[in-house]
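Structure file final23.tsv with TSV, C-alpha atoms:
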```tsv
chain	number	residue	atom	x	y	z
A	847	MET	CA	-91.57	248.86	-59.94
A	848	ARG	CA	-91.02	249.07	-63.68
A	849	VAL	CA	-90.86	251.95	-66.13
A	850	ILE	CA	-93.33	251.46	-68.99
A	851	ASP	CA	-91.94	251.76	-72.52
A	852	LEU	CA	-94.20	254.44	-73.97
A	853	SER	CA	-93.16	253.63	-77.53
A	854	THR	CA	-94.85	250.21	-77.34
A	855	TRP	CA	-97.49	250.85	-74.66
A	856	PRO	CA	-101.01	250.26	-76.02
A	857	ARG	CA	-102.23	253.38	-74.19
A	858	ARG	CA	-99.52	255.68	-75.59
A	859	HIS	CA	-101.96	257.65	-77.79
A	860	HIS	CA	-104.54	257.99	-75.01
A	861	PHE	CA	-101.81	259.01	-72.57
A	862	ALA	CA	-100.58	261.72	-74.94
A	863	PHE	CA	-104.12	262.95	-75.58
A	864	PHE	CA	-105.23	263.21	-71.96
A	865	ASN	CA	-101.96	264.86	-70.95
A	866	THR	CA	-103.15	267.87	-72.95
A	867	VAL	CA	-106.51	268.04	-71.15
A	868	THR	CA	-106.86	270.73	-68.49
A	869	TYR	CA	-108.56	268.38	-66.03
A	870	PRO	CA	-107.72	264.77	-67.04
A	871	HIS	CA	-109.45	262.97	-64.16
A	872	PHE	CA	-112.79	261.17	-64.41
A	873	ASN	CA	-115.01	259.80	-61.67
A	874	LEU	CA	-117.49	256.94	-61.45
A	875	CYS	CA	-119.84	256.52	-58.50
A	876	VAL	CA	-121.92	253.38	-57.97
A	877	ASN	CA	-123.74	251.61	-55.17
A	878	VAL	CA	-122.04	248.45	-53.96
A	879	ASP	CA	-123.75	245.77	-51.90
A	880	VAL	CA	-122.21	245.44	-48.44
A	881	THR	CA	-124.89	243.22	-46.89
A	882	VAL	CA	-122.65	240.19	-46.44
A	883	LEU	CA	-119.61	242.18	-45.38
A	884	ARG	CA	-121.59	244.08	-42.76
A	885	ALA	CA	-122.94	240.86	-41.27
A	886	LEU	CA	-119.50	239.25	-41.21
A	887	ILE	CA	-117.69	242.09	-39.47
A	888	LYS	CA	-120.44	242.28	-36.84
A	889	ALA	CA	-120.16	238.56	-36.19
A	890	ARG	CA	-116.38	238.73	-35.92
A	891	ASP	CA	-116.27	242.10	-34.12
A	892	ILE	CA	-113.72	243.62	-36.49
A	893	SER	CA	-113.48	247.15	-37.86
A	894	PHE	CA	-115.67	247.77	-40.88
A	895	THR	CA	-113.31	250.51	-42.05
A	896	VAL	CA	-110.20	248.34	-41.84
A	897	ALA	CA	-111.92	245.43	-43.56
A	898	LEU	CA	-113.26	247.65	-46.33
A	899	VAL	CA	-109.94	249.43	-46.90
A	900	TYR	CA	-108.25	246.04	-47.17
A	901	LEU	CA	-110.73	244.80	-49.79
A	902	LEU	CA	-110.59	248.08	-51.71
A	903	THR	CA	-106.81	247.87	-51.85
A	904	ARG	CA	-106.75	244.16	-52.66
A	905	ALA	CA	-109.02	244.78	-55.65
A	906	ALA	CA	-106.85	247.68	-56.87
A	907	ASN	CA	-103.65	245.67	-56.64
A	908	GLY	CA	-105.17	243.05	-58.93
A	909	ILE	CA	-105.59	245.56	-61.78
A	910	PRO	CA	-102.32	246.89	-63.31
A	911	GLU	CA	-103.82	250.23	-64.35
A	912	PHE	CA	-104.53	251.04	-60.68
A	913	ARG	CA	-100.82	250.60	-59.96
A	914	CYS	CA	-99.61	252.94	-62.72
A	915	ARG	CA	-98.44	256.48	-61.96
A	916	ILE	CA	-97.14	259.43	-63.98
A	917	ARG	CA	-93.69	260.70	-63.09
A	918	ASP	CA	-92.64	263.68	-65.18
A	919	ALA	CA	-92.81	262.35	-68.77
A	920	GLN	CA	-92.69	258.71	-67.69
A	921	VAL	CA	-95.25	256.14	-66.58
A	922	VAL	CA	-94.28	253.63	-63.91
A	923	GLU	CA	-96.10	250.54	-62.69
A	924	HIS	CA	-95.70	249.70	-59.01
A	925	ASP	CA	-95.60	246.11	-57.78
A	926	VAL	CA	-98.01	246.98	-54.99
A	927	VAL	CA	-99.92	250.08	-53.86
A	928	HIS	CA	-100.95	251.01	-50.31
A	929	PRO	CA	-103.99	252.79	-48.88
A	930	SER	CA	-103.68	256.31	-47.52
A	931	MET	CA	-106.97	257.38	-45.96
A	932	THR	CA	-108.31	260.30	-43.98
A	933	VAL	CA	-108.91	259.77	-40.26
A	934	LEU	CA	-111.03	262.09	-38.11
A	935	THR	CA	-109.24	263.49	-35.06
A	936	GLN	CA	-110.75	264.58	-31.75
A	937	ASP	CA	-110.75	268.19	-33.01
A	938	GLU	CA	-113.02	267.16	-35.92
A	939	VAL	CA	-110.38	267.76	-38.55
A	940	PHE	CA	-108.86	265.00	-40.61
A	941	SER	CA	-105.39	263.53	-40.67
A	942	PHE	CA	-103.72	261.47	-43.40
A	943	CYS	CA	-103.08	257.84	-42.51
A	944	THR	CA	-100.97	255.56	-44.69
A	945	MET	CA	-101.25	251.84	-44.03
A	946	PRO	CA	-98.80	249.27	-45.39
A	947	TYR	CA	-100.74	246.79	-47.51
A	948	ASP	CA	-100.36	243.07	-46.85
A	949	ASP	CA	-102.30	240.28	-48.57
A	950	HIS	CA	-102.68	238.58	-45.18
A	951	PHE	CA	-105.62	240.39	-43.58
A	952	PRO	CA	-104.69	239.83	-39.89
A	953	THR	CA	-101.25	241.32	-40.57
A	954	PHE	CA	-102.77	244.25	-42.46
A	955	ALA	CA	-105.35	244.84	-39.70
A	956	THR	CA	-102.66	244.98	-37.01
A	957	HIS	CA	-100.59	247.52	-38.93
A	958	ALA	CA	-103.70	249.51	-39.89
A	959	ALA	CA	-104.87	249.80	-36.27
A	960	ALA	CA	-101.47	251.16	-35.24
A	961	ALA	CA	-101.41	253.65	-38.13
A	962	ILE	CA	-104.93	254.88	-37.32
A	963	ALA	CA	-104.01	255.40	-33.67
A	964	ARG	CA	-101.02	257.54	-34.71
A	965	ALA	CA	-103.14	259.57	-37.13
A	966	GLU	CA	-105.81	260.21	-34.50
A	967	ALA	CA	-103.20	261.55	-32.09
A	968	GLY	CA	-102.17	264.49	-34.26
A	969	VAL	CA	-102.80	266.10	-37.63
A	970	ILE	CA	-100.68	264.75	-40.48
A	971	LEU	CA	-101.26	266.34	-43.89
A	972	GLU	CA	-98.44	264.90	-45.96
A	973	ASP	CA	-97.28	261.57	-47.28
A	974	GLY	CA	-93.70	260.41	-47.78
A	975	PRO	CA	-91.73	262.76	-50.08
A	976	GLY	CA	-92.27	261.68	-53.67
A	977	GLN	CA	-94.35	258.69	-52.63
A	978	ASP	CA	-96.98	257.79	-55.23
A	979	ASP	CA	-97.49	254.07	-54.63
A	980	LEU	CA	-100.71	254.98	-52.84
A	981	LEU	CA	-104.48	254.93	-53.14
A	982	PHE	CA	-106.07	258.00	-51.56
A	983	MET	CA	-109.22	257.04	-49.65
A	984	THR	CA	-111.82	258.86	-47.60
A	985	ALA	CA	-115.14	258.12	-45.90
A	986	LEU	CA	-118.24	260.33	-45.76
A	987	PRO	CA	-120.48	258.26	-43.48
A	988	TRP	CA	-122.88	261.19	-43.00
A	989	VAL	CA	-124.28	261.24	-46.55
A	990	SER	CA	-125.31	258.70	-49.17
A	991	PHE	CA	-123.89	260.65	-52.11
A	992	THR	CA	-124.43	260.11	-55.83
A	993	GLY	CA	-121.29	261.89	-57.02
A	994	LEU	CA	-118.03	263.24	-55.69
A	995	GLN	CA	-115.10	265.32	-56.92
A	996	HIS	CA	-111.66	265.44	-55.29
A	997	PRO	CA	-109.12	268.27	-55.36
A	998	ILE	CA	-105.94	267.39	-57.23
A	999	HIS	CA	-102.63	268.97	-58.16
A	1000	MET	CA	-102.20	269.78	-61.86
A	1001	ASP	CA	-98.58	270.96	-61.84
A	1002	PRO	CA	-97.00	268.52	-61.45
A	1003	VAL	CA	-99.83	266.22	-62.42
A	1004	ASP	CA	-101.34	264.03	-59.68
A	1005	SER	CA	-102.14	260.53	-60.92
A	1006	VAL	CA	-103.01	258.76	-57.65
A	1007	PRO	CA	-106.54	257.26	-57.77
A	1008	ARG	CA	-109.08	258.51	-55.23
A	1009	ILE	CA	-111.64	256.20	-53.61
A	1010	ALA	CA	-114.46	257.38	-51.34
A	1011	TRP	CA	-117.45	255.74	-49.71
A	1012	GLY	CA	-120.54	257.09	-48.00
A	1013	LYS	CA	-123.52	256.29	-45.78
A	1014	PHE	CA	-125.29	252.94	-46.02
A	1015	ALA	CA	-128.79	252.85	-47.45
A	1016	SER	CA	-131.35	250.04	-47.33
A	1017	ALA	CA	-132.60	248.61	-50.62
A	1018	GLY	CA	-135.23	246.11	-49.61
A	1019	GLU	CA	-133.42	243.47	-47.58
A	1020	ARG	CA	-130.04	244.52	-48.94
A	1021	LEU	CA	-127.60	247.15	-47.71
A	1022	GLN	CA	-125.97	249.41	-50.27
A	1023	MET	CA	-123.11	251.88	-49.99
A	1024	PRO	CA	-122.07	254.58	-52.48
A	1025	LEU	CA	-118.52	254.15	-53.71
A	1026	SER	CA	-116.68	256.71	-55.83
A	1027	VAL	CA	-113.53	256.05	-57.88
A	1028	GLN	CA	-111.60	258.94	-59.45
A	1029	ALA	CA	-108.65	258.27	-61.76
A	1030	HIS	CA	-106.42	259.87	-64.40
A	1031	HIS	CA	-107.84	259.14	-67.85
A	1032	GLY	CA	-104.38	258.89	-69.35
A	1033	LEU	CA	-103.75	255.77	-67.27
A	1034	MET	CA	-107.12	254.04	-67.38
A	1035	ASP	CA	-110.63	254.07	-68.84
A	1036	GLY	CA	-114.11	253.22	-67.63
A	1037	LEU	CA	-113.35	249.63	-68.67
A	1038	HIS	CA	-110.72	249.31	-65.95
A	1039	VAL	CA	-112.82	251.03	-63.29
A	1040	GLY	CA	-115.69	248.73	-64.26
A	1041	ARG	CA	-113.42	245.73	-63.74
A	1042	TYR	CA	-112.45	247.18	-60.37
A	1043	PHE	CA	-116.08	247.43	-59.24
A	1044	GLU	CA	-116.73	243.89	-60.51
A	1045	GLN	CA	-113.77	242.45	-58.61
A	1046	LEU	CA	-114.58	244.41	-55.48
A	1047	GLN	CA	-118.19	243.22	-55.47
A	1048	ALA	CA	-116.96	239.63	-55.70
A	1049	TYR	CA	-114.88	240.27	-52.56
A	1050	LEU	CA	-117.81	241.94	-50.81
A	1051	ASP	CA	-120.09	239.00	-51.63
A	1052	HIS	CA	-117.60	236.46	-50.19
A	1053	PRO	CA	-115.54	238.32	-47.58
A	1054	GLU	CA	-115.03	235.19	-45.51
A	1055	GLU	CA	-112.55	233.98	-48.13
A	1056	TYR	CA	-110.28	236.99	-47.61
A	1057	LEU	CA	-110.74	238.32	-44.08
```
Starting from the file, lay out its structure as structure tokens.
Amino acid sequence: MRVIDLSTWPRRHHFAFFNTVTYPHFNLCVNVDVTVLRALIKARDISFTVALVYLLTRAANGIPEFRCRIRDAQVVEHDVVHPSMTVLTQDEVFSFCTMPYDDHFPTFATHAAAAIARAEAGVILEDGPGQDDLLFMTALPWVSFTGLQHPIHMDPVDSVPRIAWGKFASAGERLQMPLSVQAHHGLMDGLHVGRYFEQLQAYLDHPEEYL
């Protein structure tokens, strides 16, 4: 992790501006094509959720802005960020589930399966104290949404990106899935979220190279 020098940071003016905004988060929701990924995970009999979370996190780790966080008056850039997703329990309430990210998918999948099993066993509604090297994720497989807004803390400011996906929908012979990305505007713009969607779609089109 490194502390960013705000005096020379190209985003210093944008950071200062959006820190004065009452609600500084923005959200983009698009349909991504999961046709190839869906076919691959069926053929290999692996978890769609685990595979998707891995690709979502891999794409985020490749973009520095997705690894930046606000700490008091400072901005830090983590070396790596990890997914923390909601998991449905048997009582139909959700539990938080943090998974250690690893570039090697089989290693990630093993750790993710163990973390999910722990989360399903009992409700957990907190992350590690002060931990912000995370990506908050959630699934809404019941609806194919066109927009989404997440609750956030404003004091102190919460700068962890939120990623959510919904129900598949057919588009001709293709399979699409709504994907929402919410982020703090002081740390990134639509340009960076656009790059994220572009990189993610490249992974979704060729998942065999990464899974």
Query - Distance criterion (all atoms listed in the file): nearest to Pro952 (chain A) out of A:Tyr900, A:Phe912, A:Phe991, A:Phe894 - result: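 When distances to Pro952 (chain A) are compared using all atoms listed in the file, the smallest one comes from A:Tyr900.
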Query - Using only C-alpha atoms: which of A:Ala1015, A:Leu986, A:Leu901, A:Met1034 has the shortest distance to Arg858 (chain A) - result: A:Met1034
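The residues that lie within 7 Å of the point (-103.2, 257.5, -65.1), counting only C-alpha atoms, are Cys914, Arg915, Ile916, Ser1005, Ala1029, His1030, His1031, Gly1032, Leu1033 and Met1034 of chain A.
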Query raised in the report: In Å, with one decimal, what is the gap from CA of Gly1012 (chain A) to CA of Asn877 (chain A)?
Result: 9.6 Å
**Report entry** Residue nearest Pro946 (chain A) among A:Ser930, A:Thr881, A:Ser853, A:Gln1047 (counting all atoms listed in the file)
**Finding:**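 Smallest separation from Pro946 (chain A) among the options: A:Ser930.
Take CA of Glu966 (chain A) and CA of Phe982 (chain A): the distance between them is 17.2 Å.
Residue nearest Ser1016 (chain A), chosen from A:Val899, A:Leu980, A:Val880, A:Leu874 and counting all atoms listed in the file: A:Val880.
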Query raised in the report: Which distance in Å separates CA of Val1027 (chain A) and CA of Pro1007 (chain A), to one decimal?
Result: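 Distance between the two atoms: 7.1 Å.
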Query raised in the report: Looking at A:Val927, A:Leu898, A:Leu1037, A:Ile909, which one is nearest to Ala1010 (chain A), with distances taken over all atoms listed in the file?
Result: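 Nearest candidate to Ala1010 (chain A) out of A:Val927, A:Leu898, A:Leu1037, A:Ile909: A:Leu898.
With all atoms listed in the file as the atoms that count, the minimum distance from Pro910 (chain A) to the choices A:Val1039, A:Ala889, A:Val1003, A:Leu1021 is reached by A:Val1039.
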Query - For Pro997 (chain A): contacts at 10 Å, all atoms listed in the file, fewer than 3 positions along chain excluded, given as a ChimeraX atom specification - result: /A:1000,1004,1008
**Report entry** Test item: residues at most 8 Å from Met847 (chain A), only C-alpha atoms, excluding those fewer than 3 positions along its chain, as a PyMOL selection string
**Finding:** chain A and resi 922-925
Query - Exercise: residues within 12 Å of coordinate (-123.0, 245.4, -46.0), counting all atoms listed in the file, as a ChimeraX atom specification - result: /A:877-888,894-895,897-898,1013-1017,1019-1024,1047,1049-1053
